[in-house]
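structure13.txt (compact mmCIF, C-alpha atoms) appears below.
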```txt
# COMPACT_ATOMS: atom_id res chain seq x y z
CA MET A 1 123.29 109.13 168.26
CA ALA A 2 120.40 109.72 165.90
CA ASN A 3 117.33 107.65 166.48
CA LEU A 4 116.82 104.75 164.10
CA LEU A 5 113.13 105.48 163.87
CA ASP A 6 113.74 109.13 162.94
CA ILE A 7 116.01 108.15 160.10
CA ARG A 8 113.49 105.61 158.81
CA ARG A 9 110.80 108.30 158.81
CA ARG A 10 113.07 110.75 157.01
CA LEU A 11 114.00 108.14 154.42
CA LYS A 12 110.38 107.46 153.67
CA SER A 13 109.58 111.12 153.15
CA VAL A 14 112.56 111.63 150.83
CA LYS A 15 111.46 108.60 148.81
CA ASN A 16 107.98 110.05 148.45
CA THR A 17 109.39 113.38 147.30
CA GLN A 18 111.56 111.63 144.77
CA GLN A 19 108.53 109.88 143.35
CA ILE A 20 106.80 113.20 142.86
CA THR A 21 109.79 114.84 141.20
CA LYS A 22 110.25 111.82 138.94
CA ALA A 23 106.62 111.92 137.86
CA LEU A 24 106.76 115.67 137.24
CA LYS A 25 109.86 115.19 135.16
CA MET A 26 108.13 112.61 132.98
CA VAL A 27 105.09 114.85 132.52
CA SER A 28 107.27 117.81 131.58
CA ALA A 29 109.27 115.74 129.13
CA ALA A 30 106.09 114.73 127.32
CA LYS A 31 104.72 118.26 127.29
CA LEU A 32 108.08 119.67 126.25
CA LYS A 33 108.10 117.62 123.08
CA ARG A 34 104.76 119.05 122.02
CA ALA A 35 105.62 122.62 122.98
CA GLN A 36 108.92 122.39 121.16
CA ASP A 37 107.20 121.23 117.98
CA ARG A 38 104.83 124.16 118.15
CA VAL A 39 107.67 126.64 118.49
CA VAL A 40 109.33 125.14 115.46
CA THR A 41 106.17 125.08 113.33
CA ALA A 42 105.29 128.66 114.26
CA ARG A 43 108.66 130.01 113.21
CA PRO A 44 108.20 130.05 109.39
CA PHE A 45 105.21 132.36 109.70
CA ALA A 46 107.01 134.80 111.99
CA ASN A 47 110.06 134.83 109.74
CA LYS A 48 108.03 135.32 106.58
CA MET A 49 106.13 138.10 108.29
CA THR A 50 109.30 139.95 109.21
CA GLU A 51 110.59 139.47 105.67
CA VAL A 52 107.51 140.95 104.00
CA LEU A 53 107.28 143.72 106.54
CA SER A 54 110.85 144.89 106.06
CA GLU A 55 110.36 144.63 102.30
CA LEU A 56 107.34 146.89 102.55
CA ALA A 57 108.94 149.24 105.02
CA SER A 58 111.81 149.88 102.68
CA ARG A 59 109.41 150.68 99.86
CA ALA A 60 106.70 152.59 101.67
CA ASP A 61 106.75 156.35 101.53
CA GLU A 62 109.12 158.01 103.99
CA ASN A 63 106.27 160.18 105.18
CA PHE A 64 103.97 157.27 105.71
CA HIS A 65 102.58 157.27 109.21
CA HIS A 66 100.85 154.61 111.15
CA PRO A 67 99.87 154.73 114.83
CA LEU A 68 101.87 151.59 115.54
CA LEU A 69 105.01 153.05 113.97
CA ASP A 70 104.99 156.52 115.44
CA ALA A 71 107.11 157.26 118.45
CA ARG A 72 105.34 159.68 120.72
CA GLY A 73 107.03 160.50 123.97
CA ASP A 74 109.30 158.51 126.17
CA GLU A 75 107.51 158.80 129.46
CA ARG A 76 104.89 156.12 129.97
CA TYR A 77 105.92 152.50 129.53
CA LEU A 78 103.94 149.33 129.52
CA LEU A 79 105.88 146.24 130.54
CA VAL A 80 104.50 142.90 129.43
CA LEU A 81 105.95 140.13 131.57
CA ILE A 82 105.38 136.54 130.54
CA THR A 83 105.97 134.11 133.38
CA ALA A 84 104.71 130.64 134.18
CA ASP A 85 101.54 129.94 136.13
CA LYS A 86 103.22 127.24 138.15
CA GLY A 87 106.43 126.92 140.09
CA LEU A 88 108.80 123.99 140.49
CA CYS A 89 110.75 124.95 137.41
CA GLY A 90 114.09 126.06 138.77
CA ALA A 91 115.16 129.63 138.17
CA PHE A 92 112.68 130.08 135.32
CA ASN A 93 110.41 132.59 137.04
CA THR A 94 113.13 134.05 139.24
CA ASN A 95 115.19 135.08 136.23
CA LEU A 96 112.21 136.74 134.61
CA ILE A 97 111.30 138.60 137.77
CA LYS A 98 114.90 139.65 138.22
CA ALA A 99 114.97 141.04 134.68
CA ALA A 100 111.69 142.86 135.26
CA ARG A 101 112.96 144.40 138.50
CA ALA A 102 116.15 145.48 136.76
CA PHE A 103 114.02 147.06 134.07
CA LEU A 104 111.92 148.90 136.65
CA ALA A 105 115.04 150.11 138.46
CA GLU A 106 116.68 151.26 135.23
CA ASN A 107 113.65 153.26 134.19
CA ALA A 108 112.80 154.51 137.63
CA GLY A 109 112.12 158.00 136.26
CA LYS A 110 109.41 156.77 133.92
CA GLN A 111 105.83 156.00 134.59
CA ILE A 112 105.60 152.25 134.27
CA GLU A 113 102.55 150.04 134.23
CA MET A 114 102.78 146.29 134.02
CA LEU A 115 100.77 143.72 132.17
CA PRO A 116 101.64 140.35 133.64
CA VAL A 117 100.85 137.18 131.74
CA GLY A 118 101.17 134.25 134.12
CA ARG A 119 100.43 133.83 137.80
CA LYS A 120 103.96 133.94 139.21
CA GLY A 121 104.84 137.35 137.84
CA ARG A 122 101.46 138.75 138.76
CA ASP A 123 101.64 137.61 142.37
CA PHE A 124 105.16 138.92 142.84
CA PHE A 125 104.53 142.41 141.52
CA ARG A 126 101.09 142.74 143.01
CA ARG A 127 102.60 142.23 146.45
CA ARG A 128 105.01 145.04 145.64
CA GLY A 129 102.30 147.40 144.57
CA VAL A 130 103.32 147.90 140.95
CA PRO A 131 100.32 149.26 139.00
CA PHE A 132 98.80 146.79 136.53
CA ALA A 133 97.16 147.75 133.28
CA ASP A 134 95.59 144.34 133.06
CA GLU A 135 96.49 140.75 133.80
CA TYR A 136 96.24 137.44 132.01
CA VAL A 137 96.43 134.30 134.09
CA GLY A 138 95.88 130.76 132.90
CA LEU A 139 97.12 131.20 129.33
CA THR A 140 100.38 129.32 129.67
CA GLY A 141 99.38 126.90 132.39
CA LYS A 142 96.89 124.76 130.54
CA GLY A 143 99.27 123.38 127.97
CA ARG A 144 98.11 124.59 124.59
CA VAL A 145 98.26 128.27 123.73
CA GLU A 146 95.87 129.15 120.92
CA PHE A 147 96.65 131.89 118.44
CA SER A 148 93.32 133.54 119.23
CA GLU A 149 94.46 133.99 122.84
CA ALA A 150 97.60 135.76 121.69
CA VAL A 151 95.37 137.92 119.50
CA ASP A 152 93.29 138.91 122.52
CA VAL A 153 96.36 140.03 124.43
CA ALA A 154 97.74 141.83 121.38
CA ARG A 155 94.47 143.66 120.68
CA ASP A 156 94.33 144.78 124.29
CA ILE A 157 97.85 146.20 124.08
CA ILE A 158 97.29 147.79 120.68
CA ASN A 159 94.11 149.46 121.93
CA ARG A 160 95.91 150.93 124.90
CA PHE A 161 98.64 152.15 122.63
CA THR A 162 96.68 153.62 119.74
CA GLU A 163 93.23 154.52 121.01
CA ASP A 164 93.64 155.32 124.67
CA GLU A 165 97.13 156.68 124.10
CA THR A 166 97.95 156.05 127.73
CA ILE A 167 101.34 154.58 126.92
CA ASP A 168 104.29 155.63 124.80
CA LYS A 169 106.25 152.43 124.57
CA VAL A 170 105.60 148.77 125.14
CA PHE A 171 108.28 146.32 126.22
CA ILE A 172 108.03 142.59 126.60
CA ILE A 173 110.04 140.27 128.82
CA PHE A 174 109.92 136.54 128.22
CA ASN A 175 112.08 133.44 128.18
CA GLU A 176 113.32 132.42 124.78
CA PHE A 177 113.64 128.72 124.15
CA LYS A 178 117.24 128.05 123.18
CA SER A 179 117.48 124.39 124.05
CA VAL A 180 116.02 122.03 126.59
CA LEU A 181 118.72 123.03 129.06
CA GLN A 182 118.93 126.66 128.16
CA GLN A 183 116.55 129.57 128.29
CA ARG A 184 117.44 133.14 127.61
CA VAL A 185 115.58 136.06 129.13
CA MET A 186 114.66 138.48 126.34
CA VAL A 187 113.76 142.13 126.82
CA GLU A 188 112.31 143.49 123.58
CA GLN A 189 110.54 146.62 122.50
CA LEU A 190 107.18 145.67 121.10
CA LEU A 191 105.69 149.04 120.25
CA PRO A 192 106.18 151.31 118.42
CA VAL A 193 107.33 148.83 115.79
CA ALA A 194 110.91 149.66 114.94
CA ARG A 195 111.24 151.00 111.42
CA VAL A 196 113.52 148.87 109.33
CA SER A 197 115.87 151.28 107.64
CA VAL A 198 116.36 150.96 103.89
CA ASP A 199 120.11 150.45 104.23
CA GLU A 200 119.65 147.53 106.52
CA SER A 201 117.20 145.62 104.39
CA GLU A 202 119.31 146.28 101.30
CA ALA A 203 122.38 144.95 103.03
CA VAL A 204 120.47 141.80 103.85
CA ALA A 205 119.22 141.46 100.29
CA ALA A 206 122.70 142.04 98.88
CA SER A 207 124.19 139.29 100.97
CA GLN A 208 121.58 136.82 99.77
CA GLN A 209 121.16 137.66 96.12
CA PRO A 210 121.74 140.48 93.65
CA ILE A 211 119.31 143.28 94.42
CA ASN A 212 116.23 143.02 92.30
CA PHE A 213 115.16 146.41 91.07
CA VAL A 214 111.88 145.29 89.59
CA ASP A 215 109.23 146.88 91.75
CA TYR A 216 106.33 145.02 93.21
CA ILE A 217 102.83 145.16 91.91
CA TYR A 218 100.67 146.19 94.82
CA GLU A 219 97.15 144.94 94.43
CA GLN A 220 96.23 147.37 97.17
CA PRO A 221 98.14 150.54 98.03
CA PRO A 222 101.29 149.64 100.01
CA GLU A 223 100.15 151.83 102.87
CA GLU A 224 96.92 149.88 103.16
CA ILE A 225 98.72 146.55 103.14
CA PHE A 226 101.16 147.94 105.66
CA SER A 227 98.38 149.04 107.98
CA ARG A 228 96.86 145.59 107.87
CA LEU A 229 100.17 143.89 108.34
CA LEU A 230 101.37 145.81 111.39
CA PRO A 231 98.76 144.65 113.93
CA ARG A 232 99.19 141.13 112.60
CA PHE A 233 102.90 141.47 113.21
CA VAL A 234 102.35 142.43 116.84
CA GLU A 235 99.97 139.50 117.30
CA THR A 236 102.52 137.13 115.82
CA GLN A 237 105.24 138.42 118.09
CA ILE A 238 103.14 137.90 121.19
CA PHE A 239 102.13 134.46 120.03
CA ARG A 240 105.76 133.57 119.46
CA ALA A 241 106.72 134.90 122.90
CA LEU A 242 103.99 132.78 124.50
CA LEU A 243 105.04 129.63 122.67
CA GLU A 244 108.70 130.17 123.47
CA SER A 245 107.81 130.75 127.09
CA VAL A 246 105.73 127.57 127.36
CA ALA A 247 108.47 125.47 125.77
CA SER A 248 111.10 127.03 128.04
CA GLU A 249 108.95 126.42 131.09
CA HIS A 250 108.69 122.71 130.39
CA GLY A 251 112.39 122.54 129.61
CA ALA A 252 113.26 124.31 132.84
CA ARG A 253 110.91 122.13 134.85
CA MET A 254 112.31 118.99 133.35
CA THR A 255 115.90 119.90 134.21
CA ALA A 256 114.93 121.13 137.66
CA MET A 257 113.02 117.95 138.42
CA ASP A 258 115.81 115.82 137.01
CA SER A 259 118.37 117.33 139.36
CA ALA A 260 115.86 117.17 142.22
CA SER A 261 115.40 113.43 141.60
CA LYS A 262 119.16 112.98 141.49
CA ASN A 263 119.63 114.88 144.74
CA ALA A 264 116.90 112.84 146.36
CA GLY A 265 118.68 109.69 145.19
CA GLU A 266 121.93 110.82 146.79
CA LEU A 267 120.14 111.71 149.98
CA ILE A 268 118.47 108.30 150.06
CA SER A 269 121.74 106.41 149.68
CA SER A 270 123.50 108.45 152.35
CA LEU A 271 120.53 108.07 154.70
CA THR A 272 120.41 104.33 154.05
CA LEU A 273 124.12 104.06 154.79
CA ASN A 274 123.67 106.02 157.98
CA MET A 275 120.71 103.91 159.05
CA ASN A 276 122.59 100.65 158.46
CA ARG A 277 125.53 101.93 160.45
CA ILE A 278 123.38 102.80 163.40
CA ARG A 279 121.57 99.48 163.20
CA GLN A 280 124.91 97.67 163.08
CA ALA A 281 126.20 99.73 166.01
CA ALA A 282 123.14 98.80 168.03
CA ILE A 283 123.60 95.09 167.27
CA THR A 284 127.31 95.24 168.13
CA ASN A 285 126.45 96.95 171.36
CA GLU A 286 123.97 94.24 172.28
CA ILE A 287 126.46 91.47 171.52
CA ILE A 288 129.07 93.18 173.70
CA GLU A 289 126.53 93.40 176.51
CA VAL A 290 125.61 89.72 176.20
CA VAL A 291 129.26 88.62 175.98
CA SER A 292 130.43 90.76 178.89
CA GLY A 293 127.38 89.68 180.89
CA ALA A 294 128.26 85.99 180.25
CA ALA A 295 131.91 86.62 181.17
CA ALA A 296 130.85 88.21 184.46
CA LEU A 297 128.96 85.09 185.51
CA MET B 1 107.95 125.48 88.53
CA LEU B 2 106.66 127.58 91.38
CA GLN B 3 107.68 127.15 94.97
CA LEU B 4 104.44 127.38 96.93
CA GLU B 5 104.60 127.96 100.64
CA ILE B 6 101.50 128.36 102.78
CA VAL B 7 102.03 129.25 106.41
CA THR B 8 99.65 130.13 109.24
CA PRO B 9 100.61 131.35 112.70
CA GLU B 10 100.20 127.79 113.97
CA ARG B 11 102.04 125.80 111.34
CA ARG B 12 103.42 125.42 107.85
CA VAL B 13 100.61 123.96 105.78
CA ILE B 14 102.34 123.41 102.46
CA SER B 15 105.82 123.80 101.04
CA GLU B 16 105.93 122.25 97.59
CA SER B 17 106.83 122.74 93.95
CA VAL B 18 103.71 123.32 91.89
CA ASP B 19 102.81 124.26 88.32
CA MET B 20 100.18 126.90 88.93
CA VAL B 21 98.46 128.66 91.81
CA THR B 22 95.18 130.57 91.99
CA VAL B 23 94.65 132.67 95.11
CA PRO B 24 91.59 134.64 96.22
CA GLY B 25 92.95 138.21 96.25
CA LEU B 26 91.00 141.02 97.81
CA ASN B 27 90.36 142.52 94.36
CA GLY B 28 89.63 139.19 92.68
CA GLU B 29 91.13 135.86 91.81
CA LEU B 30 94.83 135.89 90.95
CA GLY B 31 96.27 133.23 88.70
CA ILE B 32 99.99 132.80 89.17
CA LEU B 33 102.25 130.98 86.73
CA PRO B 34 106.04 130.67 86.72
CA GLY B 35 107.72 133.90 85.68
CA HIS B 36 105.09 136.06 87.37
CA THR B 37 106.24 139.52 88.31
CA GLN B 38 106.67 140.46 91.96
CA LEU B 39 103.39 141.06 93.68
CA ILE B 40 101.87 141.61 97.07
CA SER B 41 98.16 141.38 97.76
CA GLN B 42 95.79 140.95 100.63
CA LEU B 43 93.66 137.83 100.68
CA ARG B 44 90.01 137.37 101.26
CA THR B 45 88.20 134.27 102.42
CA GLY B 46 88.03 131.81 99.58
CA VAL B 47 89.50 128.83 97.84
CA LEU B 48 93.13 128.54 96.85
CA THR B 49 93.81 126.06 94.07
CA TYR B 50 97.10 124.73 92.85
CA THR B 51 98.00 122.19 90.20
CA GLN B 52 100.80 119.76 90.59
CA ALA B 53 101.68 117.15 87.95
CA GLY B 54 98.26 117.40 86.34
CA ALA B 55 96.26 117.06 89.53
CA THR B 56 94.39 119.97 91.10
CA TYR B 57 94.25 120.57 94.82
CA LYS B 58 92.08 122.97 96.77
CA LEU B 59 92.48 124.66 100.12
CA HIS B 60 90.40 126.98 102.21
CA VAL B 61 92.27 130.17 103.07
CA SER B 62 91.07 133.15 105.02
CA GLY B 63 92.67 136.49 105.75
CA GLY B 64 96.29 137.40 105.31
CA PHE B 65 98.60 138.07 102.41
CA VAL B 66 100.24 136.60 99.37
CA GLU B 67 103.68 137.57 98.20
CA VAL B 68 105.14 136.54 94.83
CA SER B 69 108.79 137.00 93.97
CA ASP B 70 111.30 134.97 91.97
CA ASP B 71 108.86 132.12 91.35
CA ARG B 72 108.22 131.81 95.05
CA VAL B 73 104.62 132.16 96.19
CA SER B 74 104.33 132.79 99.92
CA VAL B 75 100.87 132.75 101.40
CA LEU B 76 100.59 134.09 104.95
CA ALA B 77 97.05 133.19 105.91
CA GLU B 78 95.25 133.36 109.22
CA VAL B 79 93.50 130.13 108.42
CA ALA B 80 94.47 127.54 105.82
CA GLU B 81 93.12 124.02 105.68
CA ARG B 82 92.79 121.15 103.26
CA PRO B 83 89.30 119.81 102.49
CA GLU B 84 89.94 116.66 104.54
CA GLU B 85 90.79 118.79 107.56
CA ILE B 86 87.49 120.63 107.51
CA ASP B 87 84.90 119.68 110.09
CA ALA B 88 81.74 119.88 108.01
CA ALA B 89 79.39 119.46 110.93
CA ARG B 90 81.04 122.32 112.80
CA ALA B 91 80.96 124.49 109.72
CA ARG B 92 77.24 123.83 109.30
CA ILE B 93 76.54 124.86 112.87
CA ALA B 94 78.69 127.98 112.41
CA HIS B 95 76.80 128.72 109.22
CA GLU B 96 73.40 128.56 110.88
CA HIS B 97 74.62 130.54 113.84
CA ALA B 98 76.12 133.30 111.69
CA GLU B 99 72.98 133.54 109.57
CA LYS B 100 70.87 133.89 112.68
CA THR B 101 73.13 136.59 114.08
CA LEU B 102 73.06 138.51 110.82
CA SER B 103 69.31 138.34 110.32
CA ALA B 104 68.67 139.58 113.86
CA TRP B 105 71.57 141.99 113.86
CA SER B 106 71.27 145.02 116.10
CA GLY B 107 74.78 145.55 117.40
CA THR B 108 77.74 147.55 116.21
CA VAL B 109 79.25 147.58 112.75
CA GLU B 110 82.18 145.60 114.12
CA ASP B 111 79.94 142.78 115.32
CA PHE B 112 78.31 142.73 111.94
CA GLU B 113 81.68 142.40 110.21
CA ILE B 114 82.73 139.58 112.51
CA ALA B 115 79.51 137.67 111.88
CA ARG B 116 79.79 138.30 108.15
CA ALA B 117 83.36 136.98 108.09
CA LYS B 118 82.21 133.90 109.99
CA LEU B 119 79.42 133.29 107.50
CA GLU B 120 81.83 133.65 104.62
CA ARG B 121 84.25 131.16 106.14
CA SER B 122 81.56 128.63 106.90
CA ILE B 123 80.21 128.84 103.34
CA VAL B 124 83.65 128.23 101.81
CA ARG B 125 84.29 125.41 104.26
CA LEU B 126 81.00 123.73 103.43
CA GLN B 127 81.64 124.05 99.71
CA LEU B 128 85.07 122.51 100.01
CA ALA B 129 83.94 119.78 102.35
CA ALA B 130 81.23 118.84 99.85
CA GLY B 131 83.96 118.51 97.24
CA GLU B 132 82.81 121.29 94.94
```
Go ahead and express the file in the form of structure tokens.
Amino acid sequence: MANLLDIRRRLKSVKNTQQITKALKMVSAAKLKRAQDRVVTARPFANKMTEVLSELASRADENFHHPLLDARGDERYLLVLITADKGLCGAFNTNLIKAARAFLAENAGKQIEMLPVGRKGRDFFRRRGVPFADEYVGLTGKGRVEFSEAVDVARDIINRFTEDETIDKVFIIFNEFKSVLQQRVMVEQLLPVARVSVDESEAVAASQQPINFVDYIYEQPPEEIFSRLLPRFVETQIFRALLESVASEHGARMTAMDSASKNAGELISSLTLNMNRIRQAAITNEIIEVVSGAAAL
Amino acid sequence: MLQLEIVTPERRVISESVDMVTVPGLNGELGILPGHTQLISQLRTGVLTYTQAGATYKLHVSGGFVEVSDDRVSVLAEVAERPEEIDAARARIAHEHAEKTLSAWSGTVEDFEIARAKLERSIVRLQLAAGE
């Protein structure tokens, strides 16, 4: 028979844990609201950007070259992995790491460097000896991701790609925010920027409105505008990935902490039941002893 | 009517129907009225004005692009803020700081450009904050 004191001790510790998970859940819920708003407000810019870019791409000269557009080889990859800085958010980090490992296994023949953003991913792959190009820790953990921080990361990547030419392709893995309960792990190619084919953009235009054949007036040569737009596009994509990741993290943590609180609640009620039973058994036992003792007299 | 939409990476600043827009293009001010032909231009740091029902509004914009098509004016700026959002005190400090950096400049061309852009922004901000 379990000791009454042991159960009381256990009950107390579970109650304490539940308090922590409840508090964390509340904090995440508050942060989630803010992060979610930022994802939503950042979307128009990213969408508009893609629109203008595909418009320009379909009009720019076929022979137009830009370092960010040109595919070189297919040998050296850079993998940008955006994870959280903190744990206690369910399978959030695990899924990302799983996707990254699958990516590494799939491209085992290539020379892959990683650029982890977030502590969890960094720690995991550092222990496994994967070479890092650079690392960014503390961006997603402090709540608010500034656009300038995304720009820093983007510039770093662009420099490696265009000036150092130490990499051929850049991929990014992050969690996309689908809903509070749902995140989707995305694996996207960041660089070189995929050329939008003319057919594709025309098909999109045709579905929306009759194709307008009036050409644009370009205040600056289209190539110049294009060259300015491309780095901005990469920055925007990274910024979006960071925002999505932060929102997903809070969502994941909220759901994880919610189920943890629920589980703790169940545990508490079953422990309480158990404790009462044992207490009752002890009392019954005592009564029997007293009664049988009196009968023996 | 023109459909004016100003977005920055952080947020959508404006999405409204307006009568006329003037944007600071890289090659000079661009006045845009309904029926304007399709156009794409880079922006420089400056003041964007738009009129709506007889009233004129001003905004500080910096960097980015403007696209005009089918009476829709889309401004993709790095920075866009209304006069009431501008922190005049901060702009003044930035102004002094940038001037100091420029007068004692000895670094690379890039640093010079960054400081110059900062000075430009602070000047526009101060102008707008003063209600000019």
Give me, as an mmCIF file with C-alpha atoms, in the coordinates of the input, the residues of chain A touching chain B, with the criterion being at most 12 Å (counting only C-alpha atoms).
```
data_model
loop_
_atom_site.group_PDB
_atom_site.id
_atom_site.type_symbol
_atom_site.label_atom_id
_atom_site.label_comp_id
_atom_site.auth_asym_id
_atom_site.auth_seq_id
_atom_site.Cartn_x
_atom_site.Cartn_y
_atom_site.Cartn_z
ATOM 1 C CA ALA A 35 105.620 122.620 122.980
ATOM 2 C CA ASP A 37 107.200 121.230 117.980
ATOM 3 C CA ARG A 38 104.830 124.160 118.150
ATOM 4 C CA VAL A 39 107.670 126.640 118.490
ATOM 5 C CA VAL A 40 109.330 125.140 115.460
ATOM 6 C CA THR A 41 106.170 125.080 113.330
ATOM 7 C CA ALA A 42 105.290 128.660 114.260
ATOM 8 C CA ARG A 43 108.660 130.010 113.210
ATOM 9 C CA PRO A 44 108.200 130.050 109.390
ATOM 10 C CA PHE A 45 105.210 132.360 109.700
ATOM 11 C CA ALA A 46 107.010 134.800 111.990
ATOM 12 C CA ASN A 47 110.060 134.830 109.740
ATOM 13 C CA LYS A 48 108.030 135.320 106.580
ATOM 14 C CA MET A 49 106.130 138.100 108.290
ATOM 15 C CA THR A 50 109.300 139.950 109.210
ATOM 16 C CA GLU A 51 110.590 139.470 105.670
ATOM 17 C CA VAL A 52 107.510 140.950 104.000
ATOM 18 C CA LEU A 53 107.280 143.720 106.540
ATOM 19 C CA GLU A 55 110.360 144.630 102.300
ATOM 20 C CA LEU A 56 107.340 146.890 102.550
ATOM 21 C CA ARG A 144 98.110 124.590 124.590
ATOM 22 C CA VAL A 145 98.260 128.270 123.730
ATOM 23 C CA GLU A 146 95.870 129.150 120.920
ATOM 24 C CA PHE A 147 96.650 131.890 118.440
ATOM 25 C CA SER A 148 93.320 133.540 119.230
ATOM 26 C CA ALA A 150 97.600 135.760 121.690
ATOM 27 C CA VAL A 151 95.370 137.920 119.500
ATOM 28 C CA GLN A 209 121.160 137.660 96.120
ATOM 29 C CA PRO A 210 121.740 140.480 93.650
ATOM 30 C CA ILE A 211 119.310 143.280 94.420
ATOM 31 C CA ASN A 212 116.230 143.020 92.300
ATOM 32 C CA PHE A 213 115.160 146.410 91.070
ATOM 33 C CA VAL A 214 111.880 145.290 89.590
ATOM 34 C CA ASP A 215 109.230 146.880 91.750
ATOM 35 C CA TYR A 216 106.330 145.020 93.210
ATOM 36 C CA ILE A 217 102.830 145.160 91.910
ATOM 37 C CA TYR A 218 100.670 146.190 94.820
ATOM 38 C CA GLU A 219 97.150 144.940 94.430
ATOM 39 C CA GLN A 220 96.230 147.370 97.170
ATOM 40 C CA PRO A 221 98.140 150.540 98.030
ATOM 41 C CA PRO A 222 101.290 149.640 100.010
ATOM 42 C CA GLU A 223 100.150 151.830 102.870
ATOM 43 C CA GLU A 224 96.920 149.880 103.160
ATOM 44 C CA ILE A 225 98.720 146.550 103.140
ATOM 45 C CA PHE A 226 101.160 147.940 105.660
ATOM 46 C CA SER A 227 98.380 149.040 107.980
ATOM 47 C CA ARG A 228 96.860 145.590 107.870
ATOM 48 C CA LEU A 229 100.170 143.890 108.340
ATOM 49 C CA LEU A 230 101.370 145.810 111.390
ATOM 50 C CA PRO A 231 98.760 144.650 113.930
ATOM 51 C CA ARG A 232 99.190 141.130 112.600
ATOM 52 C CA PHE A 233 102.900 141.470 113.210
ATOM 53 C CA VAL A 234 102.350 142.430 116.840
ATOM 54 C CA GLU A 235 99.970 139.500 117.300
ATOM 55 C CA THR A 236 102.520 137.130 115.820
ATOM 56 C CA GLN A 237 105.240 138.420 118.090
ATOM 57 C CA ILE A 238 103.140 137.900 121.190
ATOM 58 C CA PHE A 239 102.130 134.460 120.030
ATOM 59 C CA ARG A 240 105.760 133.570 119.460
ATOM 60 C CA LEU A 243 105.040 129.630 122.670
#
```
Find the residues around region 3-13 of chain A up to 10 Å (only C-alpha atoms counted), leave out those fewer than 2 positions away in its own chain, and share them as a list in words. Met1, Lys15, Asn16, Thr17, Gln18, Gln19, Ala264, Leu267, Ile268, Ser269, Ser270, Leu271, Thr272, Asn274, Met275, Asn276, Arg277, Ile278, Arg279 and Ala282 of chain A
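The interatomic distance for the pair CA of Val246 (chain A) and CA of Gln183 (chain A) works out to 11.0 Å.
With distances restricted to all atoms listed in the file, B:Glu120 is the closest residue to Glu96 (chain B) from B:Asp71, B:Glu120, B:Glu113, B:Glu81.
Across the model, the gap from CA of Pro34 (chain B) to CA of Gln52 (chain B) is 12.7 Å.
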Restricting to all atoms listed in the file, whichever of B:Thr49, B:Ser62, B:Thr108, B:Ser103 is closest to Val79 (chain B) is B:Ser62
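When only C-alpha atoms are used to measure the gap to Asp156 (chain A), the shortest distance among A:Leu115, A:Ile97, A:Leu24, A:Leu104 belongs to A:Leu115.
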Which residues, written as a PyMOL selection string, have at least one atom at most 10 Å from Arg121 (chain B), with all atoms listed in the file counted and residues fewer than 2 positions away on the same chain left out? chain B and resi 44-46+60-63+79+91+94-95+115-119+123-127
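Taking only C-alpha atoms into account, Ala55 (chain B) lies nearest to B:Asp19 out of the set B:Thr101, B:Asp19, B:Gln3, B:Arg82.
Picture a line from CA of Ala154 (chain A) to CA of Arg122 (chain A); it runs 18.0 Å.
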Could you list, as a PyMOL selection string, every residue within 7 Å of Val193 (chain A), counting only C-alpha atoms and ignoring same-chain residues fewer than 3 positions away? chain A and resi 68-69+190
Edge lengths and centre in Å to one decimal, as JSON, is what I'm after for the box along x, y and z that holds all listed atoms of region 21-32 of chain B once 3 Å is added on each side.
```
{"center_x": 94.8, "center_y": 135.6, "center_z": 93.3, "size_x": 16.4, "size_y": 19.9, "size_z": 15.1}
```
Would you list the residues near (84.3, 119.2, 93.5) (no more than 12 Å away, in the coordinates of the file, using all atoms listed in the file) as a ChimeraX atom specification? /B:47,49,56-59,83,126-132
Completion step: region 42-49 of chain B with N, CA and C atoms as an mmCIF file, keeping the file's coordinate frame:
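What ended up in result_29.cif:
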```cif
data_model
loop_
_atom_site.group_PDB
_atom_site.id
_atom_site.type_symbol
_atom_site.label_atom_id
_atom_site.label_comp_id
_atom_site.auth_asym_id
_atom_site.auth_seq_id
_atom_site.Cartn_x
_atom_site.Cartn_y
_atom_site.Cartn_z
ATOM 1 N N GLN B 42 96.513 141.483 99.488
ATOM 2 C CA GLN B 42 95.790 140.950 100.630
ATOM 3 C C GLN B 42 94.911 139.803 100.137
ATOM 4 N N LEU B 43 94.532 138.941 101.047
ATOM 5 C CA LEU B 43 93.660 137.830 100.680
ATOM 6 C C LEU B 43 92.286 138.043 101.265
ATOM 7 N N ARG B 44 91.301 137.422 100.614
ATOM 8 C CA ARG B 44 90.010 137.370 101.260
ATOM 9 C C ARG B 44 89.673 135.894 101.477
ATOM 10 N N THR B 45 88.588 135.651 102.174
ATOM 11 C CA THR B 45 88.200 134.270 102.420
ATOM 12 C C THR B 45 87.817 133.617 101.102
ATOM 13 N N GLY B 46 88.366 132.472 100.826
ATOM 14 C CA GLY B 46 88.030 131.810 99.580
ATOM 15 C C GLY B 46 88.807 130.532 99.394
ATOM 16 N N VAL B 47 88.855 130.101 98.145
ATOM 17 C CA VAL B 47 89.500 128.830 97.840
ATOM 18 C C VAL B 47 90.799 129.089 97.076
ATOM 19 N N LEU B 48 91.851 128.488 97.556
ATOM 20 C CA LEU B 48 93.130 128.540 96.850
ATOM 21 C C LEU B 48 93.283 127.232 96.111
ATOM 22 N N THR B 49 93.593 127.301 94.816
ATOM 23 C CA THR B 49 93.810 126.060 94.070
ATOM 24 C C THR B 49 95.229 126.036 93.535
#
```
